[in-house]
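S.K.: Structure file query08.txt (compact mmCIF, C-alpha atoms and all ligand atoms) right here:
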# COMPACT_ATOMS: atom_id res chain seq x y z
CA MET A 1 0.00 0.00 0.00
CA LYS A 2 1.25 3.50 -0.85
CA ARG A 3 -0.39 6.43 0.89
CA ILE A 4 -0.31 9.89 -0.64
CA LEU A 5 -1.50 13.22 0.71
CA PHE A 6 -2.02 16.44 -1.27
CA VAL A 7 -1.71 19.66 0.72
CA CYS A 8 -2.66 23.26 -0.11
CA LEU A 9 -3.61 26.18 2.14
CA GLY A 10 -7.34 25.83 2.71
CA ASN A 11 -8.06 22.28 1.42
CA ILE A 12 -11.06 23.61 -0.49
CA CYS A 13 -9.61 24.36 -3.96
CA ARG A 14 -6.31 22.86 -5.13
CA SER A 15 -5.67 19.80 -2.95
CA PRO A 16 -9.27 18.50 -3.13
CA THR A 17 -9.05 18.83 -6.92
CA ALA A 18 -5.88 16.72 -6.96
CA HIS A 19 -7.52 14.34 -4.46
CA GLY A 20 -10.66 13.85 -6.61
CA VAL A 21 -8.72 13.51 -9.86
CA MET A 22 -6.40 10.95 -8.25
CA LEU A 23 -9.34 8.98 -6.79
CA LYS A 24 -10.84 8.61 -10.26
CA LYS A 25 -7.56 7.59 -11.86
CA ILE A 26 -6.94 5.03 -9.10
CA GLU A 27 -10.38 3.57 -9.70
CA GLU A 28 -10.11 3.58 -13.51
CA LEU A 29 -6.64 2.02 -13.50
CA GLY A 30 -7.44 -0.49 -10.74
CA LEU A 31 -4.63 0.83 -8.56
CA ASN A 32 -6.27 -0.12 -5.29
CA TRP A 33 -2.88 -0.33 -3.59
CA ILE A 34 -2.78 3.47 -3.58
CA HIS A 35 -4.63 5.46 -0.91
CA VAL A 36 -5.10 9.22 -1.40
CA ASP A 37 -6.22 12.04 0.89
CA SER A 38 -5.88 15.83 1.05
CA ALA A 39 -5.46 18.47 3.76
CA GLY A 40 -4.70 22.16 4.30
CA THR A 41 -1.92 23.86 6.22
CA ALA A 42 -4.48 26.42 7.48
CA ALA A 43 -7.46 25.81 9.75
CA TYR A 44 -9.90 28.27 8.10
CA HIS A 45 -12.10 25.77 6.33
CA ILE A 46 -11.99 22.63 8.50
CA GLY A 47 -15.11 20.51 7.97
CA LYS A 48 -16.24 22.37 4.85
CA ALA A 49 -16.96 20.97 1.41
CA PRO A 50 -14.76 22.13 -1.50
CA ASP A 51 -15.34 25.67 -2.81
CA PRO A 52 -18.42 25.76 -5.13
CA ARG A 53 -16.18 26.93 -8.01
CA THR A 54 -13.91 23.91 -7.46
CA LEU A 55 -16.94 21.60 -7.42
CA ALA A 56 -18.31 23.18 -10.61
CA GLU A 57 -15.09 22.84 -12.64
CA ALA A 58 -14.53 19.30 -11.41
CA SER A 59 -18.09 18.29 -12.19
CA LYS A 60 -17.80 19.65 -15.77
CA ALA A 61 -14.77 17.41 -16.25
CA GLY A 62 -16.49 14.35 -14.75
CA TYR A 63 -15.10 14.37 -11.22
CA ASP A 64 -17.34 14.18 -8.16
CA LEU A 65 -15.71 15.99 -5.23
CA SER A 66 -18.93 16.42 -3.27
CA ARG A 67 -18.04 13.90 -0.57
CA LEU A 68 -14.73 15.54 0.34
CA THR A 69 -14.40 17.66 3.49
CA ALA A 70 -11.53 19.91 4.49
CA ARG A 71 -9.15 18.99 7.26
CA GLN A 72 -5.88 20.41 8.54
CA VAL A 73 -2.51 18.65 8.26
CA GLU A 74 -1.52 16.85 11.46
CA GLU A 75 1.83 15.73 12.76
CA SER A 76 0.74 12.11 12.41
CA ASP A 77 0.40 12.62 8.62
CA PHE A 78 4.19 12.77 8.40
CA TYR A 79 4.31 9.18 9.71
CA GLU A 80 1.18 7.76 8.12
CA TYR A 81 1.74 8.88 4.51
CA ASP A 82 4.50 7.72 2.18
CA TYR A 83 4.30 10.88 0.08
CA ILE A 84 3.13 14.39 0.92
CA PHE A 85 2.73 16.65 -2.13
CA ALA A 86 2.55 20.41 -1.56
CA MET A 87 0.52 22.28 -4.15
CA ASP A 88 2.85 25.30 -4.01
CA SER A 89 6.17 26.41 -2.63
CA GLU A 90 4.73 28.38 0.30
CA ASN A 91 2.87 25.34 1.58
CA PHE A 92 5.97 23.25 0.88
CA ARG A 93 8.00 25.57 3.14
CA ASN A 94 5.36 25.42 5.88
CA LEU A 95 5.18 21.64 5.70
CA LYS A 96 8.96 21.41 5.86
CA ALA A 97 8.96 23.62 8.95
CA MET A 98 6.35 21.52 10.75
CA ARG A 99 7.75 18.12 9.71
CA PRO A 100 8.76 16.20 12.86
CA SER A 101 12.39 15.09 12.80
CA GLY A 102 12.58 11.36 12.21
CA SER A 103 9.24 11.27 10.36
CA THR A 104 9.03 9.12 7.29
CA ALA A 105 6.91 10.82 4.61
CA ALA A 106 8.72 12.01 1.48
CA LEU A 107 7.84 15.68 0.95
CA HIS A 108 7.66 16.97 -2.63
CA LEU A 109 6.15 19.74 -4.69
CA ALA A 110 3.17 18.35 -6.59
CA LEU A 111 4.50 19.71 -9.89
CA GLU A 112 7.97 18.25 -9.34
CA PHE A 113 7.37 15.18 -11.51
CA THR A 114 5.77 17.08 -14.42
CA ASP A 115 7.34 18.98 -17.31
CA VAL A 116 5.67 22.17 -16.06
CA ASP A 117 8.36 24.77 -15.57
CA ASP A 118 6.94 26.17 -12.34
CA THR A 119 6.82 25.25 -8.67
CA ASP A 120 3.26 26.33 -7.92
CA VAL A 121 -0.27 25.32 -8.77
CA PRO A 122 -1.53 28.93 -8.57
CA ASP A 123 -4.00 29.77 -5.79
CA PRO A 124 -7.34 30.37 -7.58
CA TYR A 125 -9.29 31.53 -4.51
CA TYR A 126 -9.38 35.28 -5.20
CA GLY A 127 -9.59 35.00 -8.99
CA GLY A 128 -12.10 34.02 -11.67
CA ALA A 129 -13.29 30.75 -13.15
CA SER A 130 -10.29 30.39 -15.46
CA GLY A 131 -8.04 29.90 -12.43
CA PHE A 132 -10.13 26.93 -11.34
CA ARG A 133 -9.93 25.47 -14.85
CA ASP A 134 -6.15 25.88 -14.78
CA VAL A 135 -6.01 24.08 -11.41
CA LEU A 136 -7.98 21.17 -12.82
CA ASN A 137 -5.76 20.90 -15.91
CA LEU A 138 -2.61 20.99 -13.80
CA CYS A 139 -4.03 18.39 -11.40
CA GLU A 140 -4.81 16.00 -14.26
CA MET A 141 -1.25 16.36 -15.45
CA LEU A 142 0.46 16.06 -12.09
CA CYS A 143 -1.64 13.06 -11.04
CA ASP A 144 -0.57 11.19 -14.19
CA ASP A 145 3.08 11.97 -13.54
CA ILE A 146 2.90 11.12 -9.82
CA LEU A 147 1.24 7.78 -10.63
CA LYS A 148 3.99 7.07 -13.14
CA MET A 149 6.66 7.97 -10.58
CA ILE A 150 5.09 5.81 -7.86
CA SER A 151 4.50 2.87 -10.22
CA GLU A 152 8.12 3.01 -11.31
CA GLY A 153 9.22 3.24 -7.66
CA ASN A 154 11.27 6.31 -8.49
CA THR A 155 11.28 9.16 -5.96
CA CYS A 156 13.67 11.44 -7.91
CA ALA A 157 14.69 12.96 -4.55
P1 LIG A 201 -6.68 26.31 -1.54
O1 LIG A 201 -7.25 27.78 -1.84
O2 LIG A 201 -5.46 26.52 -0.66
O3 LIG A 201 -6.31 25.83 -2.90
O4 LIG A 201 -7.78 25.55 -0.87
C1 LIG A 201 -7.55 28.71 -0.84
C2 LIG A 201 -8.68 28.55 -0.07
C3 LIG A 201 -9.00 29.49 0.90
C4 LIG A 201 -8.17 30.59 1.09
C5 LIG A 201 -7.03 30.75 0.32
C6 LIG A 201 -6.72 29.80 -0.65
N1 LIG A 201 -8.50 31.57 2.07
O5 LIG A 201 -7.78 32.57 2.15
O6 LIG A 201 -9.51 31.38 2.78
Please express the file's structure as structure tokens.

M.R.:
Amino acid sequence: MKRILFVCLGNICRSPTAHGVMLKKIEELGLNWIHVDSAGTAAYHIGKAPDPRTLAEASKAGYDLSRLTARQVEESDFYEYDYIFAMDSENFRNLKAMRPSGSTAALHLALEFTDVDDTDVPDPYYGGASGFRDVLNLCEMLCDDILKMISEGNTCA
């Protein structure tokens, strides 16, 4: 079993999108040895459903995120997950700072395994619908490349 966790700031836009896209790919490809979850570094939206704009874009593309609820990253995540993927460099820095010494999760940027020449899935929260579309497109890409990396057992540290 490999356990992967996507992390953004609020866990209502970017990481639930990656979570929902990954769930569907896991199901379609029969990769039931992979478990996926998502969380936020901030506490603002704990217990809430994804942002309505996130739900709308995902639904248009055939992903159902309606059962996801936001939670905050916990120390235990650094022991319970094999991979933690930060959706941008700011969250990556915050995760690195809170990572308990001796914990076992590999911490990466979510775009690290793609050909995208950027570190960040841009935060769409204060922008328009096109930002949410961009998040979805990037998540489809990064999920494919993360699955390839995990299937090949290559962490590209
Ligand atoms: P996310 O987006 O980190 O992709 O879930 C955001 C959600 C909420 C806020 C910022 C970004 N906020 O400021 O409440």

S.K.: Could you list, with a cut-off of 6 Å and counting all atoms listed in the file, the residues of chain A near ligand LIG 201 (chain A), each shown with its nearest atom pair and the distance in Å rounded to one decimal, rows sorted by chain and ascending number, as JSON lines?

M.R.:
{"residue": "A:Cys8", "atom": "CA", "partner": "A:LIG201", "partner_atom": "O2", "distance": 4.3}
{"residue": "A:Leu9", "atom": "CA", "partner": "A:LIG201", "partner_atom": "O2", "distance": 3.4}
{"residue": "A:Gly10", "atom": "CA", "partner": "A:LIG201", "partner_atom": "O4", "distance": 3.6}
{"residue": "A:Asn11", "atom": "CA", "partner": "A:LIG201", "partner_atom": "O4", "distance": 4.0}
{"residue": "A:Ile12", "atom": "CA", "partner": "A:LIG201", "partner_atom": "O4", "distance": 3.8}
{"residue": "A:Cys13", "atom": "CA", "partner": "A:LIG201", "partner_atom": "O3", "distance": 3.8}
{"residue": "A:Arg14", "atom": "CA", "partner": "A:LIG201", "partner_atom": "O3", "distance": 3.7}
{"residue": "A:Asp123", "atom": "CA", "partner": "A:LIG201", "partner_atom": "O3", "distance": 5.4}
{"residue": "A:Tyr125", "atom": "CA", "partner": "A:LIG201", "partner_atom": "C1", "distance": 4.9}

S.K.: Need to verify the contact set: Asp144 in chain A, 9 Å, only C-alpha atoms, exclusion of same-chain residues closer than 5 positions in sequence. Can you return it as a PDB file with C-alpha atoms, in the frame of the given file?

M.R.:
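So selection_5.pdb came out as:
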ATOM      1  CA  MET A  22      -6.400  10.950  -8.250  1.00  0.00           C
ATOM      2  CA  LYS A  25      -7.560   7.590 -11.860  1.00  0.00           C
ATOM      3  CA  THR A 114       5.770  17.080 -14.420  1.00  0.00           C
ATOM      4  CA  CYS A 139      -4.030  18.390 -11.400  1.00  0.00           C
ATOM      5  CA  MET A 149       6.660   7.970 -10.580  1.00  0.00           C
TER       6      MET A 149
END

S.K.: With all atoms listed in the file as the basis for distance, which of A:Ala56, A:Ala49, A:Leu65, A:Leu107 is at the shortest distance from Phe132 in chain A?

M.R.: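 That would be A:Ala56, the residue with the smallest distance to Phe132 in chain A.
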
S.K.: Determine the nearest neighbour of Lys24 in chain A from the options A:Ala43, A:Ala110, A:Ala61, A:Val121, counting all atoms listed in the file.

M.R.: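 For Lys24 in chain A, the nearest of the given residues is A:Ala61.
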
S.K.: Kindly indicate which residue among A:Ala105, A:Arg3, A:Trp33, A:Arg53 lies nearest to Pro124 in chain A, using only C-alpha atoms for the distances.

M.R.: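 Of A:Ala105, A:Arg3, A:Trp33, A:Arg53, the one nearest Pro124 in chain A, counting only C-alpha atoms, is A:Arg53.
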
S.K.: Around (-14.9, 18.4, -4.1) in the file's own coordinates, what residues are found within 6 Å if you use only C-alpha atoms, given back as a PyMOL selection string?

M.R.: chain A and resi 16+50+55+65-66+68

S.K.: So how many Å separate CA of Leu31 in chain A and CA of Asp118 in chain A, to one decimal?

M.R.: 28.1 Å

S.K.: Have a look at A:Glu152, A:Ser101, A:Asp88, A:Ala18 and name the one nearest to Pro122 in chain A; count all atoms listed in the file.

M.R.: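 When distances to Pro122 in chain A are compared using all atoms listed in the file, the smallest one comes from A:Asp88.
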
S.K.: Choose the residue, out of A:Lys48, A:Ala58, A:Ser130, A:Leu5, that has the smallest atom-to-atom separation from Ile34 in chain A; count only C-alpha atoms.

M.R.: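 That would be A:Leu5, the residue with the smallest distance to Ile34 in chain A.
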
S.K.: Nearest to Ser59 in chain A among A:Tyr81, A:Gly153, A:Gly20, A:Leu109, with distances taken over only C-alpha atoms: which residue is it?

M.R.: A:Gly20

S.K.: Any idea what the distance is between CA of Ala97 in chain A and CA of Ser15 in chain A?

M.R.: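 Here the two named atoms are 19.2 Å from each other.
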
S.K.: What does the distance from CA of Asn32 in chain A to CA of Lys2 in chain A come to in Å, to one decimal?

M.R.: 9.5 Å

S.K.: The centre and edge lengths of an axis-aligned box containing all atoms of range 53-61 of chain A present in the file, extended by 8 Å on each side, are to be given in Å to one decimal, as JSON.

M.R.:
{"center_x": -16.1, "center_y": 22.2, "center_z": -11.8, "size_x": 20.4, "size_y": 25.5, "size_z": 24.8}

S.K.: Within 8 Å of Gly47 in chain A, counting all atoms listed in the file, which residues show up once you throw out same-chain ones fewer than 6 positions away? Write them as a ChimeraX atom specification, please.

M.R.: /A:69-71

S.K.: Can you sort out range 60-75 of chain A so it carries N, CA, C and O atoms, written as a compact mmCIF listing (two decimals), in the frame of the given file?

M.R.:
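Generated file (part_32.txt):
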# COMPACT_ATOMS: atom_id res chain seq x y z
N LYS A 60 -17.81 19.51 -14.30
CA LYS A 60 -17.80 19.65 -15.77
C LYS A 60 -16.85 18.65 -16.42
O LYS A 60 -17.07 18.19 -17.53
N ALA A 61 -15.77 18.33 -15.69
CA ALA A 61 -14.77 17.41 -16.25
C ALA A 61 -15.01 15.96 -15.81
O ALA A 61 -14.19 15.09 -16.08
N GLY A 62 -16.13 15.73 -15.09
CA GLY A 62 -16.49 14.35 -14.75
C GLY A 62 -15.96 13.84 -13.42
O GLY A 62 -15.89 12.64 -13.19
N TYR A 63 -15.57 14.78 -12.54
CA TYR A 63 -15.10 14.37 -11.22
C TYR A 63 -16.10 14.78 -10.16
O TYR A 63 -16.58 15.92 -10.16
N ASP A 64 -16.39 13.89 -9.24
CA ASP A 64 -17.34 14.18 -8.16
C ASP A 64 -16.55 14.41 -6.86
O ASP A 64 -16.05 13.47 -6.27
N LEU A 65 -16.46 15.67 -6.46
CA LEU A 65 -15.71 15.99 -5.23
C LEU A 65 -16.65 16.24 -4.05
O LEU A 65 -16.22 16.70 -3.00
N SER A 66 -17.94 15.96 -4.24
CA SER A 66 -18.93 16.42 -3.27
C SER A 66 -18.82 15.71 -1.91
O SER A 66 -19.36 16.20 -0.93
N ARG A 67 -18.14 14.59 -1.87
CA ARG A 67 -18.04 13.90 -0.57
C ARG A 67 -16.79 14.29 0.22
O ARG A 67 -16.58 13.81 1.33
N LEU A 68 -15.98 15.17 -0.35
CA LEU A 68 -14.73 15.54 0.34
C LEU A 68 -15.00 16.64 1.37
O LEU A 68 -15.81 17.53 1.13
N THR A 69 -14.31 16.57 2.50
CA THR A 69 -14.40 17.66 3.49
C THR A 69 -13.00 18.06 3.92
O THR A 69 -12.10 17.23 4.03
N ALA A 70 -12.86 19.37 4.19
CA ALA A 70 -11.53 19.91 4.49
C ALA A 70 -11.07 19.50 5.89
O ALA A 70 -11.85 19.43 6.83
N ARG A 71 -9.78 19.22 5.97
CA ARG A 71 -9.15 18.99 7.26
C ARG A 71 -7.78 19.66 7.26
O ARG A 71 -7.26 20.03 6.20
N GLN A 72 -7.21 19.81 8.43
CA GLN A 72 -5.88 20.41 8.54
C GLN A 72 -4.82 19.31 8.65
O GLN A 72 -5.10 18.23 9.19
N VAL A 73 -3.63 19.61 8.14
CA VAL A 73 -2.51 18.65 8.26
C VAL A 73 -2.20 18.43 9.74
O VAL A 73 -2.26 19.36 10.54
N GLU A 74 -1.88 17.18 10.08
CA GLU A 74 -1.52 16.85 11.46
C GLU A 74 -0.13 16.23 11.48
O GLU A 74 0.32 15.67 10.48
N GLU A 75 0.49 16.30 12.62
CA GLU A 75 1.83 15.73 12.76
C GLU A 75 1.85 14.26 12.35
O GLU A 75 2.80 13.79 11.71
